[in-house]
Amino acid sequence: MKKYLSLLILLTFSAIGSAEVRYIDDTLLVPLRSGESLQFRIVHKGVRSGTKVDLLNNNPQSGYSHVRTPEGIEGFLPSRYLVKNEIAKDKLVKVSAQLKKTQTTAAELQVKLKELQVNYNSLSGNHEALTQLNSSTSTELDKIKKISANALTLDKRNRELRETNQQLNNDVELLTIDNQRLKDNSQTSNMMIGAALVILGVILALLIPLLKPTKKNESWA
């Protein structure tokens, strides 16, 4: 008895482990029965079409298959109600969902594309503005360089003029000193001439009387 029980348990687990996937065909409701004929009681009132079930066993002679529902209910139903692929309705639902998702993704991509286009136009405008600003800045920089060069030239010229002016001031100062020296020398010369004339006058005053003839000499004459 134990051997039969162990064998039954082993067969049961083997059937569970090797179960294949099947789908309920395009029939609204398929009842599950406890055995492989209409005489067995119904264990499930009806499995909806498109339901995914596990095929535990298939009996071609009776035309029934042993299946297990997603809820774990096991029973027998006619094998003609089982198909290997999903039914058209479920496929249509999935395809419709996929199409809707694709359309949503396409709409999102279009929105992103518009945003990118707007950003691109904005960046293009900014680039053009920056290019113009760069050109204007370059022009202003050239002007500043020219002004700076002129300023440096003027500063150099100003320094040269200051040095020349200082040299001229020094020359004027030397000429003033020389002029004053000449004036002093002239005054000294005039004084010496005056003194010489005075001395000469005195000498003449002394000599003239001596040069006049005396009366004695006149008588001799």
# chains A, B, ... in the order shown; residues from 1 in each chain; ligands from 1

call {"tool": "residues_around", "arguments": {"residues": "stretch 30-40 of chain A", "least_positions_apart": "3", "cutoff": "9 Å", "atoms": "only C-alpha atoms", "output": "number ranges by chain"}}
result
A: 24, 27, 43-49, 59, 62-67, 73-78, 81

call {"tool": "atom_distance", "arguments": {"atom1": "atom CA of A:Gly50", "atom2": "atom CA of A:Lys84"}}
result
10.8 Å

call {"tool": "atom_distance", "arguments": {"atom1": "atom CA of A:Leu154", "atom2": "atom CA of A:Asn134"}}
result
29.5 Å

call {"tool": "atom_distance", "arguments": {"atom1": "atom CA of A:Glu20", "atom2": "atom CA of A:Ser96"}}
result
27.2 Å

call {"tool": "select_by_dssp", "arguments": {"residues": "stretch 6-176 of chain A", "states": "helix (DSSP H, G or I)", "output": "PyMOL selection string"}}
result
chain A and resi 6-17+79-81+88-176

call {"tool": "write_last_selection", "arguments": {"atoms": "C-alpha atoms", "output": "short mmCIF file (atom, residue, chain, number, x, y, z; two decimals), in the first residue's frame"}}
result
data_model
loop_
_atom_site.label_atom_id
_atom_site.label_comp_id
_atom_site.auth_asym_id
_atom_site.auth_seq_id
_atom_site.Cartn_x
_atom_site.Cartn_y
_atom_site.Cartn_z
CA SER A 6 4.67 6.67 -2.92
CA LEU A 7 4.32 5.90 -6.60
CA LEU A 8 1.16 8.03 -6.81
CA ILE A 9 2.87 10.95 -5.07
CA LEU A 10 5.88 10.62 -7.37
CA LEU A 11 3.68 10.59 -10.46
CA THR A 12 1.77 13.60 -9.17
CA PHE A 13 4.93 15.67 -8.62
CA SER A 14 6.31 14.51 -11.96
CA ALA A 15 3.15 15.68 -13.66
CA ILE A 16 3.35 19.02 -11.85
CA GLY A 17 7.01 19.49 -12.78
CA SER A 79 -8.96 18.92 -24.93
CA ARG A 80 -10.54 20.67 -27.93
CA TYR A 81 -10.91 23.80 -25.75
CA ALA A 88 -6.89 36.41 -30.95
CA LYS A 89 -8.82 38.61 -28.53
CA ASP A 90 -6.02 38.63 -25.98
CA LYS A 91 -3.47 39.14 -28.70
CA LEU A 92 -5.51 42.06 -29.96
CA VAL A 93 -5.65 43.54 -26.46
CA LYS A 94 -1.89 43.19 -26.07
CA VAL A 95 -1.24 44.55 -29.55
CA SER A 96 -3.62 47.45 -28.86
CA ALA A 97 -1.87 48.16 -25.57
CA GLN A 98 1.50 47.97 -27.27
CA LEU A 99 0.25 50.23 -30.06
CA LYS A 100 -1.13 52.70 -27.52
CA LYS A 101 2.18 52.65 -25.67
CA THR A 102 4.00 53.17 -28.96
CA GLN A 103 1.70 56.06 -29.85
CA THR A 104 2.25 57.58 -26.39
CA THR A 105 5.99 57.17 -26.81
CA ALA A 106 5.80 58.73 -30.28
CA ALA A 107 3.81 61.67 -28.90
CA GLU A 108 6.34 62.12 -26.10
CA LEU A 109 9.15 61.97 -28.63
CA GLN A 110 7.40 64.59 -30.75
CA VAL A 111 7.07 66.85 -27.69
CA LYS A 112 10.75 66.31 -26.88
CA LEU A 113 11.61 66.96 -30.52
CA LYS A 114 9.73 70.26 -30.40
CA GLU A 115 11.49 71.16 -27.16
CA LEU A 116 14.84 70.30 -28.72
CA GLN A 117 13.95 72.37 -31.78
CA VAL A 118 13.04 75.33 -29.57
CA ASN A 119 16.25 74.89 -27.59
CA TYR A 120 18.21 74.62 -30.83
CA ASN A 121 16.64 77.82 -32.17
CA SER A 122 17.37 79.55 -28.87
CA LEU A 123 20.96 78.33 -28.88
CA SER A 124 21.35 79.39 -32.51
CA GLY A 125 20.08 82.85 -31.61
CA ASN A 126 22.41 83.02 -28.63
CA HIS A 127 25.30 81.86 -30.81
CA GLU A 128 24.56 84.56 -33.37
CA ALA A 129 24.28 87.19 -30.64
CA LEU A 130 27.54 86.01 -29.08
CA THR A 131 29.22 86.11 -32.49
CA GLN A 132 28.08 89.70 -33.02
CA LEU A 133 29.13 90.61 -29.48
CA ASN A 134 32.51 88.99 -30.06
CA SER A 135 32.96 90.94 -33.30
CA SER A 136 31.95 94.17 -31.57
CA THR A 137 34.25 93.40 -28.66
CA SER A 138 37.13 92.70 -31.04
CA THR A 139 36.53 96.05 -32.76
CA GLU A 140 36.42 97.87 -29.43
CA LEU A 141 39.58 96.05 -28.36
CA ASP A 142 41.36 97.18 -31.51
CA LYS A 143 40.27 100.76 -30.80
CA ILE A 144 41.50 100.48 -27.24
CA LYS A 145 44.82 99.10 -28.46
CA LYS A 146 45.19 102.03 -30.88
CA ILE A 147 44.24 104.50 -28.16
CA SER A 148 46.67 102.83 -25.78
CA ALA A 149 49.41 102.99 -28.41
CA ASN A 150 48.65 106.67 -29.00
CA ALA A 151 48.60 107.27 -25.27
CA LEU A 152 51.99 105.60 -24.91
CA THR A 153 53.34 107.68 -27.79
CA LEU A 154 51.93 110.86 -26.25
CA ASP A 155 53.36 109.95 -22.87
CA LYS A 156 56.78 109.33 -24.42
CA ARG A 157 56.54 112.59 -26.33
CA ASN A 158 55.46 114.37 -23.15
CA ARG A 159 58.45 113.01 -21.27
CA GLU A 160 60.75 114.12 -24.08
CA LEU A 161 59.19 117.60 -24.01
CA ARG A 162 59.59 117.78 -20.23
CA GLU A 163 63.23 116.77 -20.55
CA THR A 164 63.74 119.38 -23.32
CA ASN A 165 61.98 122.00 -21.22
CA GLN A 166 64.19 121.15 -18.25
CA GLN A 167 67.27 121.41 -20.46
CA LEU A 168 66.09 124.78 -21.75
CA ASN A 169 65.47 125.96 -18.20
CA ASN A 170 68.98 124.88 -17.29
CA ASP A 171 70.35 126.73 -20.33
CA VAL A 172 68.34 129.84 -19.43
CA GLU A 173 69.64 129.67 -15.88
CA LEU A 174 73.24 129.38 -17.14
CA LEU A 175 72.71 132.27 -19.55
CA THR A 176 71.24 134.34 -16.72
#
